[in-house]
file query_27.cif (mmCIF, C-alpha atoms (C1' of nucleotides))
data_my_file
#
loop_
_atom_site.label_atom_id
_atom_site.label_comp_id
_atom_site.auth_asym_id
_atom_site.auth_seq_id
_atom_site.Cartn_x
_atom_site.Cartn_y
_atom_site.Cartn_z
CA MET V 46 100.99 115.43 80.40
CA ALA V 47 100.09 114.19 83.82
CA THR V 48 98.77 116.94 86.03
CA ALA V 49 100.17 117.35 89.51
CA ALA V 50 96.89 116.17 90.98
CA ALA V 51 96.83 113.05 88.83
CA THR V 52 100.38 112.17 89.81
CA ARG V 53 99.61 112.69 93.47
CA ASP V 54 96.58 110.46 93.17
CA ALA V 55 98.62 107.72 91.52
CA VAL V 56 101.22 107.82 94.28
CA PHE V 57 98.63 107.76 97.06
CA LYS V 58 96.81 104.86 95.44
CA ALA V 59 100.00 102.93 94.75
CA LEU V 60 101.04 103.14 98.38
CA ALA V 61 97.62 102.30 99.75
CA ASP V 62 98.20 98.58 99.29
CA PRO V 63 100.37 96.92 101.95
CA THR V 64 101.93 94.42 99.55
CA ARG V 65 102.95 97.24 97.25
CA ARG V 66 104.29 99.25 100.14
CA ALA V 67 106.33 96.23 101.25
CA LEU V 68 107.81 95.94 97.76
CA PHE V 69 108.79 99.57 97.77
CA GLU V 70 110.23 99.25 101.27
CA GLN V 71 112.23 96.20 100.29
CA LEU V 72 113.66 97.98 97.26
CA SER V 73 114.43 101.05 99.35
CA ARG V 74 116.30 99.07 101.95
CA ALA V 75 118.06 96.48 99.82
CA GLY V 76 118.53 98.34 96.55
CA GLU V 77 117.98 96.75 93.17
CA GLN V 78 116.20 93.41 93.17
CA THR V 79 114.98 91.02 90.52
CA VAL V 80 111.38 89.84 90.36
CA VAL V 81 112.21 86.34 91.60
CA VAL V 82 113.92 87.75 94.67
CA LEU V 83 111.05 90.12 95.34
CA THR V 84 108.56 87.29 94.87
CA ALA V 85 110.37 85.14 97.42
CA ARG V 86 109.67 87.75 100.10
CA ALA V 87 106.33 89.03 98.94
CA GLY V 88 104.13 86.16 100.01
CA VAL V 89 102.14 86.27 96.77
CA SER V 90 102.65 84.75 93.33
CA GLN V 91 105.07 86.07 90.73
CA PRO V 92 102.34 87.44 88.45
CA ALA V 93 100.91 89.31 91.42
CA VAL V 94 104.31 90.84 92.06
CA SER V 95 104.61 91.83 88.42
CA LYS V 96 101.23 93.53 88.53
CA HIS V 97 102.13 95.43 91.67
CA LEU V 98 105.41 96.52 90.16
CA ARG V 99 103.50 97.81 87.17
CA VAL V 100 101.34 99.98 89.39
CA LEU V 101 104.37 101.25 91.28
CA LYS V 102 106.07 101.99 87.99
CA ARG V 103 103.16 104.05 86.69
CA ALA V 104 103.44 106.11 89.86
CA ARG V 105 107.18 106.43 89.16
CA LEU V 106 107.93 104.86 92.53
CA VAL V 107 110.07 102.16 90.97
CA ASN V 108 112.06 101.72 87.81
CA GLY V 109 112.81 98.50 85.93
CA ARG V 110 116.17 97.85 84.31
CA ARG V 111 116.12 94.96 81.88
CA GLU V 112 119.25 92.84 81.86
CA GLY V 113 119.08 89.70 79.79
CA ARG V 114 116.12 87.66 80.92
CA GLU V 115 115.82 89.33 84.29
CA THR V 116 114.48 92.73 85.25
CA HIS V 117 116.10 94.62 88.07
CA TYR V 118 113.76 96.95 89.88
CA SER V 119 114.84 99.84 92.04
CA ALA V 120 113.05 102.36 94.27
CA GLN V 121 112.71 105.96 93.12
CA PRO V 122 112.15 107.92 96.33
CA LYS V 123 111.96 111.11 94.32
CA ALA V 124 108.44 110.02 93.47
CA LEU V 125 107.48 110.59 97.10
CA ALA V 126 107.83 114.32 96.52
CA PRO V 127 104.15 114.90 95.65
CA LEU V 128 103.16 113.30 98.93
CA MET V 129 105.66 115.33 100.85
CA ASP V 130 104.47 118.53 99.25
CA TRP V 131 100.91 117.65 100.05
CA MET V 132 101.69 116.86 103.67
CA GLU V 133 103.87 119.85 104.04
CA PHE V 134 100.98 121.96 102.84
CA TYR V 135 98.28 120.43 104.99
CA GLY V 136 100.55 119.95 107.95
CA LYS V 137 101.40 123.61 107.89
CA PHE V 138 97.88 124.70 108.59
CA TRP V 139 98.25 122.73 111.68
CA ALA V 140 101.55 124.28 112.66
CA GLU V 141 100.15 127.74 112.05
CA ARG V 142 97.23 126.99 114.24
CA PHE V 143 99.60 125.88 116.93
CA ASP V 144 101.49 129.12 116.61
CA ALA V 145 98.23 130.97 117.03
CA LEU V 146 97.43 128.90 120.07
CA ASP V 147 100.83 129.63 121.51
CA GLU V 148 100.21 133.32 121.18
CA VAL V 149 96.90 133.02 122.92
CA LEU V 150 98.57 131.15 125.73
CA LYS V 151 101.23 133.79 126.04
CA GLU V 152 98.59 136.48 126.16
CA MET V 153 96.88 134.59 128.92
CA LYS V 154 100.03 134.20 130.94
CA GLY V 155 101.11 137.75 130.44
CA MET C 1438 95.75 98.40 120.84
CA ALA C 1439 96.16 99.29 117.24
CA THR C 1440 99.65 98.49 116.07
CA ALA C 1441 101.69 101.16 114.35
CA ALA C 1442 101.47 99.24 111.09
CA ALA C 1443 97.69 98.95 111.26
CA THR C 1444 97.35 102.65 111.95
CA ARG C 1445 99.66 103.51 109.08
CA ASP C 1446 97.67 101.29 106.76
CA ALA C 1447 94.40 102.92 107.79
CA VAL C 1448 95.80 106.39 107.11
CA PHE C 1449 97.23 105.42 103.73
CA LYS C 1450 93.98 103.78 102.69
CA ALA C 1451 91.87 106.67 103.94
CA LEU C 1452 93.86 109.16 101.90
CA ALA C 1453 93.94 107.02 98.77
CA ASP C 1454 90.48 108.19 97.72
CA PRO C 1455 90.33 111.65 96.13
CA THR C 1456 86.91 112.47 97.55
CA ARG C 1457 88.13 111.66 101.03
CA ARG C 1458 91.29 113.64 100.50
CA ALA C 1459 89.21 116.60 99.35
CA LEU C 1460 87.13 116.40 102.51
CA PHE C 1461 90.24 116.39 104.65
CA GLU C 1462 91.68 119.28 102.68
CA GLN C 1463 88.49 121.26 103.03
CA LEU C 1464 88.43 120.73 106.77
CA SER C 1465 92.09 121.62 107.03
CA ARG C 1466 91.65 124.86 105.17
CA ALA C 1467 88.29 126.03 106.44
CA GLY C 1468 88.21 124.53 109.91
CA GLU C 1469 85.14 122.90 111.41
CA GLN C 1470 82.34 122.15 108.99
CA THR C 1471 78.97 120.45 109.23
CA VAL C 1472 77.99 117.54 107.00
CA VAL C 1473 75.59 119.65 104.91
CA VAL C 1474 78.32 122.17 104.18
CA LEU C 1475 80.79 119.44 103.30
CA THR C 1476 78.20 117.74 101.11
CA ALA C 1477 77.60 120.93 99.17
CA ARG C 1478 81.23 120.92 98.03
CA ALA C 1479 81.84 117.22 97.79
CA GLY C 1480 79.97 116.47 94.59
CA VAL C 1481 78.48 113.29 96.01
CA SER C 1482 75.40 112.53 98.10
CA GLN C 1483 75.14 113.17 101.82
CA PRO C 1484 75.25 109.47 102.75
CA ALA C 1485 78.42 109.11 100.68
CA VAL C 1486 79.96 111.98 102.62
CA SER C 1487 78.95 110.37 105.92
CA LYS C 1488 80.56 107.12 104.88
CA HIS C 1489 83.78 108.86 103.90
CA LEU C 1490 83.84 110.75 107.16
CA ARG C 1491 83.50 107.46 108.99
CA VAL C 1492 86.57 106.10 107.23
CA LEU C 1493 88.51 109.27 107.96
CA LYS C 1494 87.44 109.09 111.57
CA ARG C 1495 88.65 105.51 111.96
CA ALA C 1496 92.03 106.71 110.70
CA ARG C 1497 91.85 109.54 113.25
CA LEU C 1498 92.16 112.06 110.45
CA VAL C 1499 88.96 113.84 111.47
CA ASN C 1500 86.90 114.23 114.58
CA GLY C 1501 83.16 114.76 114.91
CA ARG C 1502 81.64 117.07 117.49
CA ARG C 1503 77.91 116.61 117.92
CA GLU C 1504 75.98 119.78 118.57
CA GLY C 1505 72.24 119.45 118.58
CA ARG C 1506 71.16 117.92 115.32
CA GLU C 1507 74.31 118.76 113.47
CA THR C 1508 77.76 117.23 113.62
CA HIS C 1509 80.78 119.47 113.22
CA TYR C 1510 83.79 117.72 111.76
CA SER C 1511 87.34 118.96 112.04
CA ALA C 1512 90.68 117.82 110.65
CA GLN C 1513 93.23 116.18 112.93
CA PRO C 1514 96.52 116.64 111.14
CA LYS C 1515 98.29 114.87 113.99
CA ALA C 1516 97.10 111.71 112.31
CA LEU C 1517 99.46 112.46 109.43
CA ALA C 1518 102.40 111.68 111.69
CA PRO C 1519 102.56 107.96 110.79
CA LEU C 1520 102.86 108.91 107.13
CA MET C 1521 105.53 111.44 107.83
CA ASP C 1522 107.49 108.94 109.87
CA TRP C 1523 107.20 106.38 107.11
CA MET C 1524 108.30 108.80 104.44
CA GLU C 1525 111.12 110.08 106.55
CA PHE C 1526 112.41 106.54 106.80
CA TYR C 1527 111.96 105.49 103.21
CA GLY C 1528 112.77 108.74 101.56
CA LYS C 1529 115.93 109.69 103.41
CA PHE C 1530 117.54 111.20 100.32
CA TRP C 1531 115.35 114.22 100.30
CA ALA C 1532 117.08 115.62 103.33
CA GLU C 1533 116.54 119.29 102.68
CA ARG C 1534 112.86 118.82 102.21
CA PHE C 1535 112.55 116.77 105.30
CA ASP C 1536 114.11 119.43 107.39
CA ALA C 1537 111.07 121.53 106.74
CA LEU C 1538 108.78 118.63 107.48
CA ASP C 1539 110.61 117.81 110.67
CA GLU C 1540 109.91 121.25 111.97
CA VAL C 1541 106.26 120.79 111.28
CA LEU C 1542 106.36 117.43 113.01
CA LYS C 1543 107.98 118.85 116.09
CA GLU C 1544 105.38 121.56 116.26
CA MET C 1545 102.74 118.89 115.99
CA LYS C 1546 104.20 116.67 118.66
CA GLY C 1547 104.92 119.49 121.03
"C1'" DA E 121 119.39 72.82 69.48
"C1'" DC E 122 116.71 72.21 73.58
"C1'" DG E 123 115.12 72.45 78.10
"C1'" DA E 124 114.74 75.40 81.94
"C1'" DA E 125 114.54 79.99 84.10
"C1'" DG E 126 112.83 84.86 84.36
"C1'" DG E 127 109.11 87.64 83.86
"C1'" DA E 128 105.12 89.69 81.53
"C1'" DT E 129 100.38 89.06 80.00
"C1'" DA E 130 95.76 86.88 79.70
"C1'" DA E 131 91.72 85.05 81.56
"C1'" DC E 132 89.25 84.44 85.34
"C1'" DC E 133 87.25 84.89 90.16
"C1'" DA E 134 85.96 86.69 94.89
"C1'" DT E 135 85.95 90.58 97.56
"C1'" DT E 136 86.10 95.32 98.39
"C1'" DT E 137 84.81 99.83 97.36
"C1'" DG E 138 82.34 103.93 96.25
"C1'" DG E 139 78.24 105.30 94.87
"C1'" DT E 140 73.10 105.39 94.94
"C1'" DT E 141 68.13 105.58 97.05
"C1'" DA E 142 65.30 104.69 101.05
"C1'" DT E 143 64.58 105.10 105.75
"C1'" DG E 144 65.03 106.00 110.69
"C1'" DG E 145 66.23 108.83 114.79
"C1'" DT E 146 66.90 113.35 116.88
"C1'" DT E 147 66.57 118.01 117.29
"C1'" DT E 148 64.76 122.54 115.94
"C1'" DC E 149 61.10 125.63 114.59
"C1'" DG E 150 56.38 127.51 113.58
"C1'" DC U 1179 52.23 119.03 118.25
"C1'" DG U 1180 53.70 118.40 113.61
"C1'" DA U 1181 56.78 119.34 109.88
"C1'" DA U 1182 61.16 120.01 108.32
"C1'" DA U 1183 66.25 119.80 108.86
"C1'" DC U 1184 70.50 117.13 109.99
"C1'" DC U 1185 72.84 113.10 109.69
"C1'" DA U 1186 73.57 108.17 110.21
"C1'" DT U 1187 72.48 103.58 108.72
"C1'" DA U 1188 70.60 99.96 105.66
"C1'" DA U 1189 70.13 97.73 101.40
"C1'" DC U 1190 71.62 97.41 97.11
"C1'" DC U 1191 74.58 97.72 92.74
"C1'" DA U 1192 78.40 98.36 89.30
"C1'" DA U 1193 83.03 98.82 88.95
"C1'" DA U 1194 87.58 98.35 90.60
"C1'" DT U 1195 90.97 95.56 92.98
"C1'" DG U 1196 94.01 91.88 94.32
"C1'" DG U 1197 94.66 87.40 93.88
"C1'" DT U 1198 95.01 82.96 91.28
"C1'" DT U 1199 96.44 79.58 87.31
"C1'" DA U 1200 97.75 79.08 82.54
"C1'" DT U 1201 100.52 80.56 78.89
"C1'" DC U 1202 103.84 83.01 75.97
"C1'" DC U 1203 108.20 85.08 74.86
"C1'" DT U 1204 112.95 85.77 75.54
"C1'" DT U 1205 117.31 84.45 77.32
"C1'" DC U 1206 120.69 81.38 79.45
"C1'" DG U 1207 123.12 76.99 80.14
"C1'" DT U 1208 124.36 72.41 78.51
#

call {"tool": "encode", "arguments": {"input": "query_27.cif", "output": "structure tokens"}}
result
Amino acid sequence: MATAAATRDAVFKALADPTRRALFEQLSRAGEQTVVVLTARAGVSQPAVSKHLRVLKRARLVNGRREGRETHYSAQPKALAPLMDWMEFYGKFWAERFDALDEVLKEMKG
Amino acid sequence: MATAAATRDAVFKALADPTRRALFEQLSRAGEQTVVVLTARAGVSQPAVSKHLRVLKRARLVNGRREGRETHYSAQPKALAPLMDWMEFYGKFWAERFDALDEVLKEMKG
DNA sequence: ACGAAGGATAACCATTTGGTTATGGTTTCG
DNA sequence: CGAAACCATAACCAAATGGTTATCCTTCGT
């Protein structure tokens, strides 16, 4: 089984590449798309698109639905959850610190 | 000026490496730390840590405060904002979760 | 049946990346 | 002053990455 940390790492790495991010964005905005359609917008070759989709798939960010000779890919935003959890966690330290700062400021004013 | 997209890319790339993420996490949890202290936990050499800190700094995720011969680094969670914005946009579904994140964001921006 | 389309895989290549050791520049301490 | 501590930079290296072209398999249309 994939540990939480391993999954998080896969998602971070998958989204680190701008071409991959663009693919995910395109699928998020436009819904299901075939590889040819994605390739038309991607600015790289079809094999490159297929490789990127493979990486995104391993991170569960996209899903491929085979239909005849074409494969329809779709975004799986659920897979962003590990990132959100991570940011929520490390963003909270920040918020707490702000709260602390607020209190200090109030003390000063009072 | 750095475009929003370039900044976002820098942040994504900076956080894609687990060692770098660990450094950011450490600084988030424990507050300011010197390079020697960070190196002790990092599991890689001091020059490696310095290089990672440089990358994090370019993404504005950390800040270095020079004090005599030592440099104290601190996390700058504000720099997570581009990621949060991106995820908010592309992960709309997760509304409930984002409510929590939005609060954090507002705290951060205030 | 056959040619063309869709898409995955293979083989290959250049560049980037993450690490190392060595070294250099300041600052602190005895 | 001289040695040691802190950290950044340089030089180097192996491995990973992102791209390409070539090819194979399956499926559709005629």

call {"tool": "residues_around", "arguments": {"input": "query_27.cif", "residues": "range 117-134 of chain V", "least_positions_apart": "3", "cutoff": "7 Å", "atoms": "all atoms listed in the file", "output": "mmCIF file with C-alpha atoms, in the frame of the given file"}}
result
data_model
loop_
_atom_site.group_PDB
_atom_site.id
_atom_site.type_symbol
_atom_site.label_atom_id
_atom_site.label_comp_id
_atom_site.auth_asym_id
_atom_site.auth_seq_id
_atom_site.Cartn_x
_atom_site.Cartn_y
_atom_site.Cartn_z
ATOM 1 C CA ARG V 53 99.610 112.690 93.470
ATOM 2 C CA PHE V 69 108.790 99.570 97.770
ATOM 3 C CA LEU V 72 113.660 97.980 97.260
ATOM 4 C CA SER V 73 114.430 101.050 99.350
ATOM 5 C CA GLY V 76 118.530 98.340 96.550
ATOM 6 C CA GLU V 77 117.980 96.750 93.170
ATOM 7 C CA GLN V 78 116.200 93.410 93.170
ATOM 8 C CA THR V 79 114.980 91.020 90.520
ATOM 9 C CA ARG V 105 107.180 106.430 89.160
ATOM 10 C CA LEU V 106 107.930 104.860 92.530
ATOM 11 C CA VAL V 107 110.070 102.160 90.970
ATOM 12 C CA ASN V 108 112.060 101.720 87.810
ATOM 13 C CA GLY V 109 112.810 98.500 85.930
ATOM 14 C CA ARG V 110 116.170 97.850 84.310
ATOM 15 C CA ARG V 111 116.120 94.960 81.880
ATOM 16 C CA LYS V 137 101.400 123.610 107.890
ATOM 17 C CA GLY C 1528 112.770 108.740 101.560
ATOM 18 C CA LEU C 1538 108.780 118.630 107.480
#

call {"tool": "closest_atom_pairs", "arguments": {"input": "query_27.cif", "of": "chain C", "to": "chain E", "cutoff": "9 Å", "atoms": "all atoms listed in the file", "output": "CSV"}}
result
residue,atom,partner,partner_atom,distance
C:Val1481,CA,E:DG139,C1',8.1
C:Ser1482,CA,E:DT140,C1',8.1
C:Ala1485,CA,E:DG139,C1',7.0
C:Gly1505,CA,E:DT147,C1',6.0
C:Arg1506,CA,E:DT147,C1',5.0
C:Glu1507,CA,E:DT147,C1',8.7

call {"tool": "closest_residue", "arguments": {"input": "query_27.cif", "among": "C:Ala1479, C:Phe1449, C:Arg1495, C:Val1472", "to": "chain U", "atoms": "all atoms listed in the file"}}
result
C:Val1472

call {"tool": "closest_residue", "arguments": {"input": "query_27.cif", "among": "V:Ala47, V:Leu83, V:Ala61, V:Ala67", "to": "chain U", "atoms": "all atoms listed in the file"}}
result
V:Ala61

call {"tool": "calpha_fit_and_write", "arguments": {"input": "query_27.cif", "fixed": "chain V", "moving": "chain C", "output": "PDB file with C-alpha atoms, keeping the file's coordinate frame"}}
result
ATOM      1  CA  MET C1438     102.598 118.961  82.940  1.00  0.00           C
ATOM      2  CA  ALA C1439     100.799 116.992  85.548  1.00  0.00           C
ATOM      3  CA  THR C1440      98.468 119.210  87.507  1.00  0.00           C
ATOM      4  CA  ALA C1441      98.667 119.246  91.276  1.00  0.00           C
ATOM      5  CA  ALA C1442      95.275 117.568  91.479  1.00  0.00           C
ATOM      6  CA  ALA C1443      96.274 114.766  89.124  1.00  0.00           C
ATOM      7  CA  THR C1444      99.441 114.129  91.085  1.00  0.00           C
ATOM      8  CA  ARG C1445      97.539 114.082  94.355  1.00  0.00           C
ATOM      9  CA  ASP C1446      95.050 111.629  92.918  1.00  0.00           C
ATOM     10  CA  ALA C1447      97.816 109.328  91.708  1.00  0.00           C
ATOM     11  CA  VAL C1448      99.436 109.302  95.149  1.00  0.00           C
ATOM     12  CA  PHE C1449      96.162 108.649  96.957  1.00  0.00           C
ATOM     13  CA  LYS C1450      95.272 105.837  94.584  1.00  0.00           C
ATOM     14  CA  ALA C1451      98.737 104.309  94.750  1.00  0.00           C
ATOM     15  CA  LEU C1452      98.618 104.156  98.530  1.00  0.00           C
ATOM     16  CA  ALA C1453      95.066 102.836  98.685  1.00  0.00           C
ATOM     17  CA  ASP C1454      96.224  99.265  98.093  1.00  0.00           C
ATOM     18  CA  PRO C1455      97.702  97.495 101.126  1.00  0.00           C
ATOM     19  CA  THR C1456     100.187  95.473  99.096  1.00  0.00           C
ATOM     20  CA  ARG C1457     101.493  98.633  97.496  1.00  0.00           C
ATOM     21  CA  ARG C1458     101.642 100.386 100.826  1.00  0.00           C
ATOM     22  CA  ALA C1459     103.607  97.464 102.246  1.00  0.00           C
ATOM     23  CA  LEU C1460     106.097  97.724  99.403  1.00  0.00           C
ATOM     24  CA  PHE C1461     106.563 101.415 100.043  1.00  0.00           C
ATOM     25  CA  GLU C1462     106.932 100.787 103.755  1.00  0.00           C
ATOM     26  CA  GLN C1463     109.486  98.077 103.162  1.00  0.00           C
ATOM     27  CA  LEU C1464     111.529 100.328 100.918  1.00  0.00           C
ATOM     28  CA  SER C1465     111.267 103.163 103.398  1.00  0.00           C
ATOM     29  CA  ARG C1466     112.499 101.053 106.259  1.00  0.00           C
ATOM     30  CA  ALA C1467     115.119  98.917 104.571  1.00  0.00           C
ATOM     31  CA  GLY C1468     116.306 101.197 101.798  1.00  0.00           C
ATOM     32  CA  GLU C1469     117.002 100.008  98.272  1.00  0.00           C
ATOM     33  CA  GLN C1470     115.727  96.555  97.429  1.00  0.00           C
ATOM     34  CA  THR C1471     115.651  94.410  94.315  1.00  0.00           C
ATOM     35  CA  VAL C1472     112.438  92.946  92.924  1.00  0.00           C
ATOM     36  CA  VAL C1473     113.289  89.402  94.062  1.00  0.00           C
ATOM     37  CA  VAL C1474     113.817  90.588  97.619  1.00  0.00           C
ATOM     38  CA  LEU C1475     110.599  92.580  97.574  1.00  0.00           C
ATOM     39  CA  THR C1476     108.737  89.625  96.094  1.00  0.00           C
ATOM     40  CA  ALA C1477     109.928  87.353  98.872  1.00  0.00           C
ATOM     41  CA  ARG C1478     108.137  89.534 101.424  1.00  0.00           C
ATOM     42  CA  ALA C1479     105.181  90.646  99.389  1.00  0.00           C
ATOM     43  CA  GLY C1480     103.135  87.466  99.443  1.00  0.00           C
ATOM     44  CA  VAL C1481     102.222  87.793  95.781  1.00  0.00           C
ATOM     45  CA  SER C1482     103.918  86.760  92.542  1.00  0.00           C
ATOM     46  CA  GLN C1483     106.836  88.597  90.986  1.00  0.00           C
ATOM     47  CA  PRO C1484     104.776  90.001  88.096  1.00  0.00           C
ATOM     48  CA  ALA C1485     102.273  91.350  90.621  1.00  0.00           C
ATOM     49  CA  VAL C1486     105.109  93.092  92.436  1.00  0.00           C
ATOM     50  CA  SER C1487     106.378  94.566  89.163  1.00  0.00           C
ATOM     51  CA  LYS C1488     102.938  95.900  88.376  1.00  0.00           C
ATOM     52  CA  HIS C1489     102.610  97.487  91.801  1.00  0.00           C
ATOM     53  CA  LEU C1490     106.027  99.045  91.489  1.00  0.00           C
ATOM     54  CA  ARG C1491     104.967 100.536  88.182  1.00  0.00           C
ATOM     55  CA  VAL C1492     101.982 102.198  89.825  1.00  0.00           C
ATOM     56  CA  LEU C1493     104.138 103.483  92.662  1.00  0.00           C
ATOM     57  CA  LYS C1494     106.639 104.792  90.164  1.00  0.00           C
ATOM     58  CA  ARG C1495     103.998 106.717  88.226  1.00  0.00           C
ATOM     59  CA  ALA C1496     103.061 108.379  91.514  1.00  0.00           C
ATOM     60  CA  ARG C1497     106.759 109.137  92.056  1.00  0.00           C
ATOM     61  CA  LEU C1498     106.659 107.216  95.309  1.00  0.00           C
ATOM     62  CA  VAL C1499     109.505 104.932  94.244  1.00  0.00           C
ATOM     63  CA  ASN C1500     112.376 105.054  91.833  1.00  0.00           C
ATOM     64  CA  GLY C1501     114.047 102.205  89.973  1.00  0.00           C
ATOM     65  CA  ARG C1502     117.784 102.039  89.413  1.00  0.00           C
ATOM     66  CA  ARG C1503     118.815  99.463  86.842  1.00  0.00           C
ATOM     67  CA  GLU C1504     122.041  97.667  87.593  1.00  0.00           C
ATOM     68  CA  GLY C1505     122.897  94.810  85.312  1.00  0.00           C
ATOM     69  CA  ARG C1506     120.030  92.377  85.305  1.00  0.00           C
ATOM     70  CA  GLU C1507     118.526  93.589  88.517  1.00  0.00           C
ATOM     71  CA  THR C1508     116.536  96.701  89.308  1.00  0.00           C
ATOM     72  CA  HIS C1509     116.994  98.366  92.672  1.00  0.00           C
ATOM     73  CA  TYR C1510     113.942 100.238  93.871  1.00  0.00           C
ATOM     74  CA  SER C1511     113.973 102.925  96.517  1.00  0.00           C
ATOM     75  CA  ALA C1512     111.304 104.969  98.273  1.00  0.00           C
ATOM     76  CA  GLN C1513     110.866 108.643  97.440  1.00  0.00           C
ATOM     77  CA  PRO C1514     109.089 110.080 100.443  1.00  0.00           C
ATOM     78  CA  LYS C1515     109.150 113.503  98.812  1.00  0.00           C
ATOM     79  CA  ALA C1516     106.174 112.249  96.865  1.00  0.00           C
ATOM     80  CA  LEU C1517     104.173 112.258 100.093  1.00  0.00           C
ATOM     81  CA  ALA C1518     104.219 116.047 100.063  1.00  0.00           C
ATOM     82  CA  PRO C1519     100.954 116.424  98.094  1.00  0.00           C
ATOM     83  CA  LEU C1520      99.191 114.321 100.712  1.00  0.00           C
ATOM     84  CA  MET C1521     100.662 116.294 103.534  1.00  0.00           C
ATOM     85  CA  ASP C1522      99.631 119.546 101.917  1.00  0.00           C
ATOM     86  CA  TRP C1523      96.125 118.240 101.403  1.00  0.00           C
ATOM     87  CA  MET C1524      95.809 117.035 104.959  1.00  0.00           C
ATOM     88  CA  GLU C1525      97.255 120.212 106.323  1.00  0.00           C
ATOM     89  CA  PHE C1526      94.530 122.109 104.526  1.00  0.00           C
ATOM     90  CA  TYR C1527      91.610 119.877 105.351  1.00  0.00           C
ATOM     91  CA  GLY C1528      92.622 118.868 108.801  1.00  0.00           C
ATOM     92  CA  LYS C1529      93.568 122.228 110.259  1.00  0.00           C
ATOM     93  CA  PHE C1530      92.189 121.367 113.690  1.00  0.00           C
ATOM     94  CA  TRP C1531      94.954 119.007 114.529  1.00  0.00           C
ATOM     95  CA  ALA C1532      97.392 121.842 114.920  1.00  0.00           C
ATOM     96  CA  GLU C1533      99.735 120.272 117.415  1.00  0.00           C
ATOM     97  CA  ARG C1534     100.166 117.211 115.310  1.00  0.00           C
ATOM     98  CA  PHE C1535     100.786 119.203 112.229  1.00  0.00           C
ATOM     99  CA  ASP C1536     103.564 121.092 113.840  1.00  0.00           C
ATOM    100  CA  ALA C1537     105.517 117.890 113.905  1.00  0.00           C
ATOM    101  CA  LEU C1538     104.598 117.134 110.330  1.00  0.00           C
ATOM    102  CA  ASP C1539     105.535 120.605 109.202  1.00  0.00           C
ATOM    103  CA  GLU C1540     109.014 120.097 110.487  1.00  0.00           C
ATOM    104  CA  VAL C1541     109.302 116.928 108.515  1.00  0.00           C
ATOM    105  CA  LEU C1542     107.999 118.721 105.452  1.00  0.00           C
ATOM    106  CA  LYS C1543     110.516 121.495 105.771  1.00  0.00           C
ATOM    107  CA  GLU C1544     113.301 118.989 106.082  1.00  0.00           C
ATOM    108  CA  MET C1545     111.998 117.320 102.969  1.00  0.00           C
ATOM    109  CA  LYS C1546     111.715 120.490 100.954  1.00  0.00           C
ATOM    110  CA  GLY C1547     115.029 121.851 102.072  1.00  0.00           C
TER     111      GLY C1547
END

call {"tool": "interface_residues", "arguments": {"input": "query_27.cif", "of": "chain U", "to": "chain V", "cutoff": "12 Å", "atoms": "all atoms listed in the file", "output": "MDAnalysis selection string"}}
result
chainID U and resid 1195:1201 1203:1206

call {"tool": "atom_distance", "arguments": {"input": "query_27.cif", "atom1": "CA of Ala50 in chain V", "atom2": "CA of Ala104 in chain V"}}
result
12.1 Å

call {"tool": "atom_distance", "arguments": {"input": "query_27.cif", "atom1": "CA of Thr1476 in chain C", "atom2": "CA of Glu1462 in chain C"}}
result
13.7 Å

call {"tool": "closest_residue", "arguments": {"input": "query_27.cif", "among": "V:Leu98, V:Ala49, V:Gly88, V:Ala55", "to": "chain C", "atoms": "only C-alpha atoms"}}
result
V:Ala55

call {"tool": "closest_residue", "arguments": {"input": "query_27.cif", "among": "V:Arg74, V:Lys102, V:Arg65, V:Arg86", "to": "chain C", "atoms": "all atoms listed in the file"}}
result
V:Arg74

call {"tool": "closest_residue", "arguments": {"input": "query_27.cif", "among": "V:Val81, V:Leu60, V:Leu68, V:Val100", "to": "chain C", "atoms": "only C-alpha atoms"}}
result
V:Leu60

call {"tool": "atom_distance", "arguments": {"input": "query_27.cif", "atom1": "CA of Ala59 in chain V", "atom2": "CA of Leu101 in chain V"}}
result
5.8 Å

call {"tool": "closest_residue", "arguments": {"input": "query_27.cif", "among": "C:Arg1491, C:Ala1443, C:Gln1483, C:Ala1477", "to": "chain V", "atoms": "all atoms listed in the file"}}
result
C:Ala1443

call {"tool": "axis_aligned_box", "arguments": {"input": "query_27.cif", "around": "range 129-147 of chain E", "padding_each_side": "3 Å", "output": "AutoDock Vina command-line options"}}
result
--center_x 82.5 --center_y 101.2 --center_z 98.5 --size_x 41.8 --size_y 39.6 --size_z 43.6

call {"tool": "build_atoms", "arguments": {"input": "query_27.cif", "residues": "range 1484-1489 of chain C", "atoms": "N, CA and C atoms", "output": "short mmCIF file (atom, residue, chain, number, x, y, z; two decimals), in the frame of the given file"}}
result
data_model
loop_
_atom_site.label_atom_id
_atom_site.label_comp_id
_atom_site.auth_asym_id
_atom_site.auth_seq_id
_atom_site.Cartn_x
_atom_site.Cartn_y
_atom_site.Cartn_z
N PRO C 1484 74.83 110.74 102.16
CA PRO C 1484 75.25 109.47 102.75
C PRO C 1484 76.67 109.09 102.34
N ALA C 1485 77.05 109.40 101.12
CA ALA C 1485 78.42 109.11 100.68
C ALA C 1485 79.41 109.89 101.54
N VAL C 1486 79.08 111.16 101.77
CA VAL C 1486 79.96 111.98 102.62
C VAL C 1486 80.06 111.39 104.02
N SER C 1487 78.94 110.97 104.58
CA SER C 1487 78.95 110.37 105.92
C SER C 1487 79.83 109.13 105.96
N LYS C 1488 79.74 108.33 104.90
CA LYS C 1488 80.56 107.12 104.88
C LYS C 1488 82.05 107.46 104.81
N HIS C 1489 82.38 108.45 104.00
CA HIS C 1489 83.78 108.86 103.90
C HIS C 1489 84.29 109.41 105.22
#
